[in-house]
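Novice: Okay, so here is target29.txt, and as you'll see once you scroll down, it has compact mmCIF, C-alpha atoms and all ligand atoms.
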```
# COMPACT_ATOMS: atom_id res chain seq x y z
CA MET G 34 -167.14 -72.70 -58.99
CA ALA G 35 -166.78 -68.93 -58.78
CA SER G 36 -169.47 -67.27 -56.68
CA PRO G 37 -172.16 -65.56 -58.79
CA ALA G 38 -171.23 -62.38 -56.89
CA SER G 39 -167.96 -62.31 -58.85
CA LEU G 40 -169.98 -61.27 -61.94
CA PHE G 41 -170.35 -57.86 -60.34
CA LYS G 42 -168.00 -54.92 -60.56
CA ILE G 43 -167.73 -53.48 -57.05
CA THR G 44 -167.56 -49.70 -56.67
CA PRO G 45 -167.52 -48.94 -52.95
CA SER G 46 -169.04 -45.73 -51.66
CA THR G 47 -166.52 -42.99 -50.87
CA ASN G 48 -168.73 -41.77 -48.03
CA PRO G 49 -170.49 -44.71 -46.38
CA LEU G 50 -172.47 -43.90 -43.26
CA PRO G 51 -170.03 -43.74 -40.32
CA ALA G 52 -170.24 -46.87 -38.13
CA ALA G 53 -171.62 -44.97 -35.12
CA GLU G 54 -174.49 -43.55 -37.19
CA ARG G 55 -175.17 -46.92 -38.76
CA GLU G 56 -175.35 -48.51 -35.29
CA GLN G 57 -177.74 -45.74 -34.28
CA LYS G 58 -180.00 -46.52 -37.24
CA LEU G 59 -179.84 -50.24 -36.48
CA LYS G 60 -180.94 -49.55 -32.89
CA ALA G 61 -184.15 -47.83 -33.94
CA ILE G 62 -184.90 -49.53 -37.22
CA GLN G 63 -187.33 -47.71 -39.48
CA PHE G 64 -188.26 -50.34 -42.01
CA GLY G 65 -188.30 -49.21 -45.60
CA ARG G 66 -187.00 -45.71 -44.88
CA VAL G 67 -183.34 -46.40 -44.28
CA PHE G 68 -181.23 -48.07 -46.95
CA THR G 69 -177.73 -49.48 -46.89
CA ASP G 70 -174.73 -47.75 -48.48
CA HIS G 71 -174.92 -49.62 -51.78
CA MET G 72 -177.25 -51.00 -54.43
CA ALA G 73 -176.85 -53.61 -57.17
CA VAL G 74 -177.65 -52.49 -60.73
CA VAL G 75 -177.72 -54.48 -63.98
CA SER G 76 -178.79 -53.12 -67.39
CA TYR G 77 -180.61 -54.95 -70.14
CA ARG G 78 -179.82 -53.70 -73.65
CA ASP G 79 -179.24 -55.20 -77.08
CA GLY G 80 -180.96 -58.35 -75.91
CA LYS G 81 -178.63 -59.05 -72.99
CA TRP G 82 -177.96 -58.32 -69.34
CA GLN G 83 -174.75 -56.29 -68.89
CA ASP G 84 -172.81 -53.81 -66.73
CA ALA G 85 -173.49 -55.70 -63.49
CA GLU G 86 -172.31 -53.45 -60.70
CA VAL G 87 -172.67 -52.84 -56.99
CA LYS G 88 -172.30 -49.14 -56.43
CA PRO G 89 -173.16 -46.37 -53.96
CA TYR G 90 -176.89 -46.11 -53.21
CA GLY G 91 -178.36 -43.07 -54.91
CA PRO G 92 -180.95 -41.59 -57.27
CA LEU G 93 -181.48 -42.98 -60.75
CA SER G 94 -181.45 -40.82 -63.81
CA LEU G 95 -184.37 -41.65 -66.12
CA ASP G 96 -185.60 -40.07 -69.32
CA PRO G 97 -189.05 -38.54 -68.63
CA SER G 98 -190.39 -40.66 -71.48
CA ALA G 99 -189.10 -43.88 -69.87
CA SER G 100 -191.88 -46.36 -70.49
CA VAL G 101 -192.17 -47.50 -66.85
CA LEU G 102 -193.38 -43.99 -65.97
CA HIS G 103 -196.25 -44.23 -68.47
CA TYR G 104 -197.25 -47.85 -68.92
CA GLY G 105 -196.03 -49.37 -65.69
CA GLN G 106 -193.81 -52.25 -66.72
CA ALA G 107 -192.45 -52.76 -63.21
CA ILE G 108 -192.08 -55.89 -61.08
CA PHE G 109 -190.48 -56.56 -57.74
CA GLU G 110 -189.56 -59.18 -55.16
CA GLY G 111 -188.86 -59.26 -51.44
CA PHE G 112 -186.73 -61.62 -49.37
CA LYS G 113 -184.52 -61.41 -46.32
CA ALA G 114 -180.93 -61.97 -45.19
CA TYR G 115 -180.64 -63.30 -41.64
CA ARG G 116 -177.62 -63.12 -39.34
CA GLN G 117 -176.79 -66.64 -38.17
CA PRO G 118 -175.57 -67.59 -34.68
CA ASP G 119 -171.99 -68.08 -36.00
CA GLY G 120 -171.93 -64.57 -37.49
CA SER G 121 -172.48 -65.71 -41.10
CA VAL G 122 -175.39 -64.39 -43.16
CA SER G 123 -177.98 -66.50 -45.00
CA LEU G 124 -180.69 -65.63 -47.52
CA PHE G 125 -184.02 -67.42 -47.13
CA ARG G 126 -185.10 -69.30 -50.29
CA PRO G 127 -183.77 -66.71 -52.80
CA GLU G 128 -184.07 -69.28 -55.61
CA ALA G 129 -187.85 -69.30 -55.10
CA ASN G 130 -187.92 -65.51 -55.40
CA TRP G 131 -185.82 -65.70 -58.54
CA GLU G 132 -188.26 -68.16 -60.12
CA ARG G 133 -191.25 -66.03 -59.19
CA PHE G 134 -189.50 -62.90 -60.49
CA ASN G 135 -189.10 -64.50 -63.88
CA ARG G 136 -192.75 -65.60 -63.90
CA SER G 137 -193.74 -62.01 -63.14
CA ALA G 138 -191.36 -60.79 -65.88
CA HIS G 139 -192.97 -63.14 -68.38
CA ARG G 140 -196.48 -61.88 -67.54
CA LEU G 141 -195.39 -58.28 -68.09
CA ALA G 142 -193.52 -59.09 -71.31
CA MET G 143 -190.16 -58.33 -69.68
CA PRO G 144 -186.93 -60.32 -70.16
CA ALA G 145 -186.03 -63.16 -67.79
CA ILE G 146 -182.96 -62.70 -65.63
CA PRO G 147 -180.43 -65.53 -65.17
CA GLN G 148 -180.26 -67.09 -61.71
CA ASP G 149 -176.59 -66.20 -61.24
CA VAL G 150 -177.31 -62.52 -61.95
CA PHE G 151 -180.28 -62.39 -59.55
CA ILE G 152 -178.61 -64.33 -56.73
CA GLY G 153 -175.19 -62.83 -57.48
CA ALA G 154 -176.60 -59.31 -57.10
CA ALA G 155 -178.00 -60.23 -53.68
CA GLU G 156 -174.77 -61.92 -52.58
CA ALA G 157 -172.52 -59.08 -53.76
CA LEU G 158 -174.72 -56.41 -52.15
CA VAL G 159 -175.08 -58.26 -48.84
CA ALA G 160 -171.34 -59.03 -48.73
CA LEU G 161 -170.44 -55.36 -49.23
CA ASP G 162 -173.09 -54.09 -46.79
CA GLN G 163 -172.77 -56.97 -44.31
CA ALA G 164 -172.38 -54.57 -41.38
CA TRP G 165 -176.01 -53.59 -42.06
CA VAL G 166 -177.36 -57.08 -41.34
CA PRO G 167 -178.78 -56.73 -37.81
CA SER G 168 -178.47 -59.57 -35.32
CA GLY G 169 -181.29 -58.93 -32.85
CA SER G 170 -184.24 -61.24 -32.44
CA GLY G 171 -186.75 -60.75 -35.26
CA GLU G 172 -184.31 -58.57 -37.21
CA SER G 173 -183.02 -59.04 -40.75
CA LEU G 174 -181.90 -57.19 -43.85
CA TYR G 175 -184.79 -56.93 -46.30
CA LEU G 176 -183.77 -57.15 -49.96
CA ARG G 177 -185.92 -55.54 -52.63
CA PRO G 178 -185.08 -56.65 -56.18
CA PHE G 179 -187.03 -54.86 -58.92
CA MET G 180 -187.04 -54.33 -62.67
CA ILE G 181 -188.27 -51.33 -64.64
CA ALA G 182 -188.67 -50.54 -68.35
CA THR G 183 -186.43 -47.67 -69.42
CA ASP G 184 -187.00 -47.21 -73.17
CA PRO G 185 -187.32 -43.46 -73.87
CA PHE G 186 -190.38 -43.99 -76.07
CA LEU G 187 -194.11 -43.30 -75.73
CA GLY G 188 -195.26 -46.11 -78.00
CA VAL G 189 -197.23 -48.86 -76.30
CA ARG G 190 -195.12 -52.00 -76.66
CA PRO G 191 -192.70 -53.92 -74.46
CA SER G 192 -189.59 -51.85 -73.77
CA ASP G 193 -186.28 -52.90 -75.32
CA GLU G 194 -184.25 -51.69 -72.34
CA TYR G 195 -184.59 -52.41 -68.64
CA LEU G 196 -182.87 -51.86 -65.33
CA PHE G 197 -182.68 -54.53 -62.63
CA LEU G 198 -181.76 -53.35 -59.16
CA ILE G 199 -181.57 -54.62 -55.61
CA ILE G 200 -181.76 -52.21 -52.69
CA ALA G 201 -181.60 -53.26 -49.03
CA SER G 202 -183.30 -51.97 -45.89
CA PRO G 203 -182.74 -53.20 -42.33
CA ALA G 204 -185.92 -54.70 -40.89
CA GLY G 205 -186.65 -54.79 -37.18
CA GLU G 206 -189.20 -56.71 -35.19
CA TYR G 207 -192.29 -56.08 -37.37
CA PHE G 208 -194.49 -55.55 -34.32
CA PRO G 209 -192.30 -53.70 -31.80
CA GLN G 210 -195.28 -53.47 -29.42
CA GLY G 211 -195.54 -57.28 -29.53
CA LEU G 212 -197.56 -59.39 -31.92
CA LYS G 213 -201.29 -58.79 -31.82
CA PRO G 214 -204.10 -59.69 -34.22
CA VAL G 215 -205.11 -57.38 -37.05
CA SER G 216 -208.63 -56.55 -38.20
CA VAL G 217 -209.57 -57.01 -41.85
CA TRP G 218 -212.22 -55.56 -44.17
CA ALA G 219 -213.64 -57.89 -46.84
CA SER G 220 -214.01 -55.59 -49.84
CA LYS G 221 -216.94 -56.19 -52.20
CA GLU G 222 -216.51 -52.82 -53.94
CA TYR G 223 -213.02 -53.34 -55.27
CA VAL G 224 -211.13 -56.36 -56.56
CA ARG G 225 -207.40 -56.90 -56.70
CA ALA G 226 -207.23 -59.25 -59.66
CA ALA G 227 -209.47 -60.80 -62.30
CA PRO G 228 -209.03 -64.10 -64.17
CA GLY G 229 -206.50 -63.64 -66.93
CA GLY G 230 -205.12 -60.51 -65.27
CA THR G 231 -201.89 -59.95 -63.37
CA GLY G 232 -202.93 -61.28 -59.95
CA GLU G 233 -200.20 -63.90 -59.72
CA ALA G 234 -197.47 -61.50 -60.86
CA LYS G 235 -195.66 -59.37 -58.29
CA CYS G 236 -196.10 -56.20 -60.31
CA ALA G 237 -196.20 -52.61 -59.13
CA GLY G 238 -199.59 -51.96 -60.75
CA ASN G 239 -201.36 -54.50 -58.54
CA TYR G 240 -200.35 -52.41 -55.56
CA ALA G 241 -201.36 -49.12 -57.17
CA ALA G 242 -204.82 -50.60 -57.75
CA SER G 243 -205.06 -51.84 -54.14
CA LEU G 244 -204.52 -48.54 -52.34
CA LEU G 245 -208.08 -47.25 -52.55
CA ALA G 246 -209.47 -50.49 -51.08
CA GLN G 247 -206.85 -50.30 -48.36
CA ALA G 248 -208.08 -46.77 -47.60
CA GLU G 249 -211.66 -48.10 -47.54
CA ALA G 250 -210.58 -50.72 -44.98
CA LYS G 251 -209.10 -47.96 -42.81
CA ASP G 252 -212.36 -45.96 -43.10
CA HIS G 253 -214.12 -48.98 -41.62
CA GLY G 254 -211.67 -49.13 -38.75
CA CYS G 255 -209.76 -52.11 -40.16
CA ASP G 256 -206.00 -52.57 -40.53
CA GLN G 257 -206.06 -54.47 -43.82
CA VAL G 258 -208.25 -55.44 -46.74
CA ILE G 259 -209.27 -59.02 -47.64
CA TRP G 260 -209.61 -59.59 -51.37
CA LEU G 261 -212.45 -61.65 -52.78
CA ASP G 262 -212.66 -63.13 -56.27
CA ALA G 263 -213.66 -60.73 -59.03
CA ILE G 264 -216.63 -62.71 -60.38
CA GLN G 265 -218.74 -63.80 -57.40
CA ARG G 266 -217.11 -61.51 -54.82
CA GLU G 267 -217.27 -64.47 -52.49
CA LEU G 268 -214.16 -66.67 -52.67
CA ILE G 269 -211.42 -65.52 -50.31
CA GLU G 270 -208.16 -64.78 -52.12
CA GLU G 271 -205.68 -63.02 -49.86
CA MET G 272 -205.07 -60.11 -47.50
CA GLY G 273 -203.33 -56.90 -48.58
CA GLY G 274 -199.85 -58.15 -49.42
CA MET G 275 -200.10 -61.42 -47.51
CA ASN G 276 -201.63 -64.87 -48.01
CA LEU G 277 -204.24 -66.25 -45.61
CA PHE G 278 -204.63 -69.47 -43.61
CA PHE G 279 -207.65 -70.84 -41.73
CA VAL G 280 -207.11 -73.39 -38.96
CA TYR G 281 -209.58 -76.29 -38.91
CA ARG G 282 -209.24 -79.55 -36.93
CA ASP G 283 -209.30 -83.14 -38.08
CA GLY G 284 -209.91 -85.08 -34.88
CA GLY G 285 -207.62 -83.11 -32.63
CA GLU G 286 -205.00 -82.33 -35.27
CA PRO G 287 -204.84 -78.85 -36.80
CA VAL G 288 -205.43 -78.58 -40.53
CA ILE G 289 -204.15 -75.33 -42.02
CA VAL G 290 -206.22 -74.42 -45.06
CA THR G 291 -205.28 -71.74 -47.59
CA PRO G 292 -207.03 -70.60 -50.78
CA ALA G 293 -205.92 -72.63 -53.79
CA LEU G 294 -203.81 -70.82 -56.39
CA THR G 295 -206.27 -69.86 -59.09
CA GLY G 296 -204.11 -67.43 -61.05
CA THR G 297 -205.60 -64.42 -59.32
CA LEU G 298 -203.68 -64.63 -56.08
CA LEU G 299 -200.04 -64.18 -55.41
CA PRO G 300 -198.19 -67.48 -54.82
CA GLY G 301 -196.40 -66.49 -51.61
CA ILE G 302 -193.18 -68.21 -50.67
CA THR G 303 -194.10 -67.99 -46.98
CA ARG G 304 -197.41 -69.69 -47.88
CA LEU G 305 -195.52 -72.51 -49.61
CA THR G 306 -193.06 -72.76 -46.73
CA LEU G 307 -195.83 -73.05 -44.14
CA LEU G 308 -197.52 -75.82 -46.10
CA SER G 309 -194.22 -77.76 -45.80
CA LEU G 310 -193.62 -76.81 -42.16
CA ALA G 311 -197.12 -77.91 -41.21
CA ALA G 312 -196.16 -81.52 -41.85
CA ASP G 313 -193.08 -81.13 -39.61
CA LEU G 314 -195.34 -80.00 -36.77
CA GLY G 315 -197.83 -82.82 -37.30
CA TYR G 316 -200.43 -80.57 -38.93
CA LYS G 317 -202.14 -81.15 -42.23
CA GLY G 318 -201.92 -78.54 -44.97
CA GLU G 319 -204.66 -78.05 -47.57
CA GLU G 320 -205.28 -75.77 -50.55
CA ARG G 321 -208.89 -75.30 -51.64
CA ARG G 322 -211.72 -72.89 -52.42
CA LEU G 323 -212.81 -70.90 -49.37
CA PRO G 324 -216.09 -69.00 -49.75
CA LEU G 325 -216.41 -66.11 -47.28
CA SER G 326 -219.85 -67.28 -46.10
CA ASP G 327 -218.50 -70.77 -45.27
CA VAL G 328 -215.58 -69.26 -43.40
CA LEU G 329 -217.84 -66.98 -41.32
CA ARG G 330 -220.14 -69.93 -40.55
CA ASP G 331 -217.17 -72.10 -39.54
CA ILE G 332 -215.69 -69.43 -37.31
CA GLN G 333 -219.06 -69.06 -35.59
CA SER G 334 -219.46 -72.81 -35.09
CA GLY G 335 -215.91 -73.14 -33.79
CA ALA G 336 -214.83 -75.34 -36.72
CA ILE G 337 -212.25 -72.66 -37.54
CA SER G 338 -210.22 -71.84 -34.45
CA GLU G 339 -207.72 -69.35 -35.92
CA VAL G 340 -207.10 -67.20 -38.97
CA PHE G 341 -203.68 -65.81 -39.84
CA ALA G 342 -201.87 -64.08 -42.67
CA CYS G 343 -198.32 -64.74 -43.84
CA GLY G 344 -195.66 -63.04 -45.92
CA THR G 345 -191.96 -62.24 -45.94
CA ALA G 346 -192.20 -58.87 -44.20
CA ALA G 347 -194.25 -59.78 -41.13
CA VAL G 348 -193.83 -63.61 -41.29
CA ILE G 349 -197.15 -64.49 -39.57
CA THR G 350 -199.86 -62.10 -38.39
CA PRO G 351 -202.98 -63.40 -36.61
CA VAL G 352 -206.35 -62.06 -37.77
CA GLY G 353 -208.67 -61.19 -34.86
CA LEU G 354 -211.66 -59.60 -36.60
CA ILE G 355 -213.26 -59.96 -40.05
CA LYS G 356 -215.64 -57.19 -41.08
CA GLY G 357 -217.66 -56.40 -44.18
CA ARG G 358 -220.95 -54.77 -45.14
CA GLY G 359 -223.48 -56.03 -42.62
CA PHE G 360 -221.26 -58.35 -40.58
CA GLU G 361 -218.53 -58.40 -38.03
CA GLN G 362 -216.93 -61.65 -36.85
CA VAL G 363 -214.39 -61.95 -34.04
CA VAL G 364 -211.85 -64.78 -34.42
CA ASN G 365 -210.31 -66.60 -31.43
CA ASN G 366 -211.32 -63.82 -29.01
CA ASN G 367 -209.09 -61.45 -30.97
CA GLU G 368 -206.06 -63.24 -29.51
CA ASN G 369 -202.95 -64.84 -31.01
CA GLY G 370 -203.65 -68.53 -31.57
CA PRO G 371 -201.39 -71.49 -30.72
CA VAL G 372 -201.11 -72.84 -34.29
CA ALA G 373 -200.10 -69.47 -35.75
CA MET G 374 -197.57 -69.01 -32.96
CA ALA G 375 -196.10 -72.51 -33.31
CA LEU G 376 -195.65 -72.06 -37.06
CA ARG G 377 -194.17 -68.62 -36.54
CA ASP G 378 -191.62 -69.90 -34.00
CA ALA G 379 -190.72 -72.84 -36.23
CA LEU G 380 -190.16 -70.62 -39.27
CA LEU G 381 -188.24 -67.90 -37.40
CA GLY G 382 -186.08 -70.61 -35.81
CA ILE G 383 -185.00 -71.90 -39.22
CA GLN G 384 -184.47 -68.40 -40.61
CA ARG G 385 -182.34 -67.32 -37.65
CA GLY G 386 -180.39 -70.56 -37.55
CA THR G 387 -181.57 -71.66 -34.11
CA ALA G 388 -183.46 -74.67 -35.52
CA PRO G 389 -182.06 -77.18 -38.05
CA ASP G 390 -182.62 -76.24 -41.70
CA THR G 391 -183.90 -79.68 -42.68
CA HIS G 392 -185.47 -78.45 -45.93
CA GLY G 393 -182.31 -76.72 -47.21
CA TRP G 394 -183.98 -73.30 -47.33
CA LEU G 395 -181.00 -71.21 -46.20
CA HIS G 396 -178.53 -69.93 -48.80
CA GLN G 397 -175.29 -68.84 -47.18
CA VAL G 398 -173.75 -65.63 -48.53
CA PRO G 399 -169.99 -65.79 -49.21
CA LEU G 400 -168.75 -62.90 -47.07
CA ALA G 401 -165.11 -62.85 -48.26
C1 LIG D 501 -195.41 -60.65 -51.92
C2 LIG D 501 -196.86 -60.90 -51.70
C3 LIG D 501 -197.34 -61.91 -50.86
C4 LIG D 501 -196.45 -62.74 -49.96
O1 LIG D 501 -195.44 -63.42 -50.62
P1 LIG D 501 -194.15 -63.93 -49.83
O2 LIG D 501 -193.33 -64.56 -50.89
O3 LIG D 501 -194.62 -64.88 -48.81
O4 LIG D 501 -193.53 -62.72 -49.21
C5 LIG D 501 -198.71 -62.13 -50.81
N1 LIG D 501 -199.56 -61.37 -51.51
C6 LIG D 501 -199.14 -60.36 -52.30
C7 LIG D 501 -200.15 -59.57 -53.06
C8 LIG D 501 -197.79 -60.10 -52.44
O5 LIG D 501 -197.38 -59.11 -53.22
```
Mind converting the file's structure to structure tokens?
Ligand SMILES: *Cc1c(COP(=O)(O)O)cnc(C)c1O

Specialist:
Amino acid sequence: MASPASLFKITPSTNPLPAAEREQKLKAIQFGRVFTDHMAVVSYRDGKWQDAEVKPYGPLSLDPSASVLHYGQAIFEGFKAYRQPDGSVSLFRPEANWERFNRSAHRLAMPAIPQDVFIGAAEALVALDQAWVPSGSGESLYLRPFMIATDPFLGVRPSDEYLFLIIASPAGEYFPQGLKPVSVWASKEYVRAAPGGTGEAKCAGNYAASLLAQAEAKDHGCDQVIWLDAIQRELIEEMGGMNLFFVYRDGGEPVIVTPALTGTLLPGITRLTLLSLAADLGYKGEERRLPLSDVLRDIQSGAISEVFACGTAAVITPVGLIKGRGFEQVVNNNENGPVAMALRDALLGIQRGTAPDTHGWLHQVPLA
């Protein structure tokens, strides 16, 4: 079967970054600020996806009335390409991102994208920009697929035309100073998502609405915000752009517990992956309701030994302090915990190809 990447017309840049400068940028990686030489672009018009192309990275030209600029039909994804020990490059679970992308598209009344277009765009871009995939420990090439509505029309209705793109940014060790726990602010003023809303869609607007609460967390000396449910302001949902886990014990065995998917939290692929990996490590994984007051009580009694967050960008980040109005609770002496670290090592090992990929999560990119 032809590789999905062959659907794409390839237009190489006439002035790619010289190798020496690229190597310079890969030595001091600035995540999210530096992009590779190319981008993948596909247009949706007349009811179909067309003009699939990988071309030089550069500005888009949009009509000022483009509906994304007014009504915010915009969704995105994030996954990574990892250099393998044999020099090949593998994507981590891109099919899961494709499925979630189409669920987000559905929620925002946007068209679905075929799997071969989504994966083919990633393969074609990574193949062309393969020199940008770093090989150091903890490094990867972060891929950012996104879709925007481009109809030049101010009427409020789903757009008829869209652009799908993937851009790529080298990602270094997320915590260059070494991994250390973050502090979180449990926000009762603001909510991220309400029942029936867009909480489980990876849409741009969710992030726009989160920034003020994130600023509030900073004002309280915290690194991140913890979102509670919109109705009772009590059930823990997630943290900033990451899902949360709480480590209990059953006898001696760790049980990693994460809030159940209620429709208002984002179904993270790292979350799903850790629930599978837990079994490999002899842990139990559980999804259920987690009221903040129960969690604080259980941390105090020692029933919860660790709290950590997970997501594609940072993989696993321990939580060392939970704050809110009228309380402040240290977790695990504000230190990295053994369960979080064991899961992190297990996941990074699979992603970097140093541990066997027994679940079939790696998707090798044809580098022709
Ligand atoms: C993307 C995202 C996550 C994490 O999802 P992963 O697939 O694990 O990267 C969690 N919460 C929010 C709000 C997100 O946008």

Novice: With distances taken over only C-alpha atoms and all ligand atoms, which of G:Gln397, G:Asn239, G:Ser100, G:Thr47 is nearest to ligand LIG 501 (chain D)?

Specialist: G:Asn239

Novice: Using only C-alpha atoms and all ligand atoms, which protein or nucleic acid residues are at most 9 Å from ligand LIG 501 (chain D), as a PDB file with C-alpha atoms, in the coordinates of the input?

Specialist:
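Final output, result01.pdb:
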```pdb
ATOM      1  CA  PHE G 109    -190.480 -56.560 -57.740  1.00  0.00           C
ATOM      2  CA  GLU G 110    -189.560 -59.180 -55.160  1.00  0.00           C
ATOM      3  CA  GLY G 111    -188.860 -59.260 -51.440  1.00  0.00           C
ATOM      4  CA  PHE G 112    -186.730 -61.620 -49.370  1.00  0.00           C
ATOM      5  CA  ALA G 129    -187.850 -69.300 -55.100  1.00  0.00           C
ATOM      6  CA  ASN G 130    -187.920 -65.510 -55.400  1.00  0.00           C
ATOM      7  CA  ARG G 133    -191.250 -66.030 -59.190  1.00  0.00           C
ATOM      8  CA  ARG G 225    -207.400 -56.900 -56.700  1.00  0.00           C
ATOM      9  CA  GLY G 232    -202.930 -61.280 -59.950  1.00  0.00           C
ATOM     10  CA  GLU G 233    -200.200 -63.900 -59.720  1.00  0.00           C
ATOM     11  CA  ALA G 234    -197.470 -61.500 -60.860  1.00  0.00           C
ATOM     12  CA  LYS G 235    -195.660 -59.370 -58.290  1.00  0.00           C
ATOM     13  CA  CYS G 236    -196.100 -56.200 -60.310  1.00  0.00           C
ATOM     14  CA  ALA G 237    -196.200 -52.610 -59.130  1.00  0.00           C
ATOM     15  CA  ASN G 239    -201.360 -54.500 -58.540  1.00  0.00           C
ATOM     16  CA  TYR G 240    -200.350 -52.410 -55.560  1.00  0.00           C
ATOM     17  CA  GLU G 271    -205.680 -63.020 -49.860  1.00  0.00           C
ATOM     18  CA  MET G 272    -205.070 -60.110 -47.500  1.00  0.00           C
ATOM     19  CA  GLY G 273    -203.330 -56.900 -48.580  1.00  0.00           C
ATOM     20  CA  GLY G 274    -199.850 -58.150 -49.420  1.00  0.00           C
ATOM     21  CA  MET G 275    -200.100 -61.420 -47.510  1.00  0.00           C
ATOM     22  CA  ASN G 276    -201.630 -64.870 -48.010  1.00  0.00           C
ATOM     23  CA  LEU G 277    -204.240 -66.250 -45.610  1.00  0.00           C
ATOM     24  CA  LEU G 298    -203.680 -64.630 -56.080  1.00  0.00           C
ATOM     25  CA  LEU G 299    -200.040 -64.180 -55.410  1.00  0.00           C
ATOM     26  CA  PRO G 300    -198.190 -67.480 -54.820  1.00  0.00           C
ATOM     27  CA  GLY G 301    -196.400 -66.490 -51.610  1.00  0.00           C
ATOM     28  CA  ILE G 302    -193.180 -68.210 -50.670  1.00  0.00           C
ATOM     29  CA  THR G 303    -194.100 -67.990 -46.980  1.00  0.00           C
ATOM     30  CA  ARG G 304    -197.410 -69.690 -47.880  1.00  0.00           C
ATOM     31  CA  LEU G 305    -195.520 -72.510 -49.610  1.00  0.00           C
ATOM     32  CA  THR G 306    -193.060 -72.760 -46.730  1.00  0.00           C
ATOM     33  CA  ALA G 342    -201.870 -64.080 -42.670  1.00  0.00           C
ATOM     34  CA  CYS G 343    -198.320 -64.740 -43.840  1.00  0.00           C
ATOM     35  CA  GLY G 344    -195.660 -63.040 -45.920  1.00  0.00           C
ATOM     36  CA  THR G 345    -191.960 -62.240 -45.940  1.00  0.00           C
ATOM     37  CA  ALA G 346    -192.200 -58.870 -44.200  1.00  0.00           C
ATOM     38  CA  ALA G 347    -194.250 -59.780 -41.130  1.00  0.00           C
ATOM     39  CA  VAL G 348    -193.830 -63.610 -41.290  1.00  0.00           C
TER      40      VAL G 348
END
```

Novice: Of the candidates G:Ser39, G:Thr231, G:Ser170, G:Asn369, which shows the shortest atom-to-atom distance to G:Gly296, using only C-alpha atoms?

Specialist: G:Thr231

Novice: State, in Å with one decimal place, the distance from atom CA of G:Thr350 to atom CA of G:Leu310.

Specialist: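 Computing it gives 16.4 Å between the two atoms.
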
Novice: Which residue gives the smallest distance to G:Ile259 among G:Met72, G:Ala293, G:Ala53, G:Ile355, with all atoms listed in the file counted?

Specialist: G:Ile355

Novice: With 12 Å as the threshold, what does the neighbourhood of (-187.2, -57.5, -72.0) contain in terms of residues, counting all atoms listed in the file? Coordinates are those of the file; answer as a JSON list (two decimals) with C-alpha atoms, keeping the file's coordinate frame.

Specialist:
```
[["chain", "number", "residue", "atom", "x", "y", "z"],
["G", 76, "SER", "CA", -178.79, -53.12, -67.39],
["G", 77, "TYR", "CA", -180.61, -54.95, -70.14],
["G", 78, "ARG", "CA", -179.82, -53.70, -73.65],
["G", 79, "ASP", "CA", -179.24, -55.20, -77.08],
["G", 80, "GLY", "CA", -180.96, -58.35, -75.91],
["G", 81, "LYS", "CA", -178.63, -59.05, -72.99],
["G", 82, "TRP", "CA", -177.96, -58.32, -69.34],
["G", 106, "GLN", "CA", -193.81, -52.25, -66.72],
["G", 107, "ALA", "CA", -192.45, -52.76, -63.21],
["G", 135, "ASN", "CA", -189.10, -64.50, -63.88],
["G", 137, "SER", "CA", -193.74, -62.01, -63.14],
["G", 138, "ALA", "CA", -191.36, -60.79, -65.88],
["G", 139, "HIS", "CA", -192.97, -63.14, -68.38],
["G", 140, "ARG", "CA", -196.48, -61.88, -67.54],
["G", 141, "LEU", "CA", -195.39, -58.28, -68.09],
["G", 142, "ALA", "CA", -193.52, -59.09, -71.31],
["G", 143, "MET", "CA", -190.16, -58.33, -69.68],
["G", 144, "PRO", "CA", -186.93, -60.32, -70.16],
["G", 145, "ALA", "CA", -186.03, -63.16, -67.79],
["G", 146, "ILE", "CA", -182.96, -62.70, -65.63],
["G", 180, "MET", "CA", -187.04, -54.33, -62.67],
["G", 181, "ILE", "CA", -188.27, -51.33, -64.64],
["G", 182, "ALA", "CA", -188.67, -50.54, -68.35],
["G", 183, "THR", "CA", -186.43, -47.67, -69.42],
["G", 184, "ASP", "CA", -187.00, -47.21, -73.17],
["G", 190, "ARG", "CA", -195.12, -52.00, -76.66],
["G", 191, "PRO", "CA", -192.70, -53.92, -74.46],
["G", 192, "SER", "CA", -189.59, -51.85, -73.77],
["G", 193, "ASP", "CA", -186.28, -52.90, -75.32],
["G", 194, "GLU", "CA", -184.25, -51.69, -72.34],
["G", 195, "TYR", "CA", -184.59, -52.41, -68.64],
["G", 196, "LEU", "CA", -182.87, -51.86, -65.33],
["G", 197, "PHE", "CA", -182.68, -54.53, -62.63]]
```

Novice: By how many Å are atom CA of G:Arg321 and atom CA of G:Tyr207 apart?

Specialist: 29.1 Å

Novice: Neighbouring residues of G:Ala246 were defined as those with any atom within 10 Å, considering only C-alpha atoms; residues of the same chain fewer than 4 positions away were excluded. Please report them as a ChimeraX atom specification.

Specialist: /G:218-225,242,250-252,257-260,273

Novice: Suppose you want the space between atom CA of G:Leu174 and atom CA of G:Pro118; what is it in Å?

Specialist: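 Separation of atom CA of G:Leu174 and atom CA of G:Pro118: 15.2 Å.
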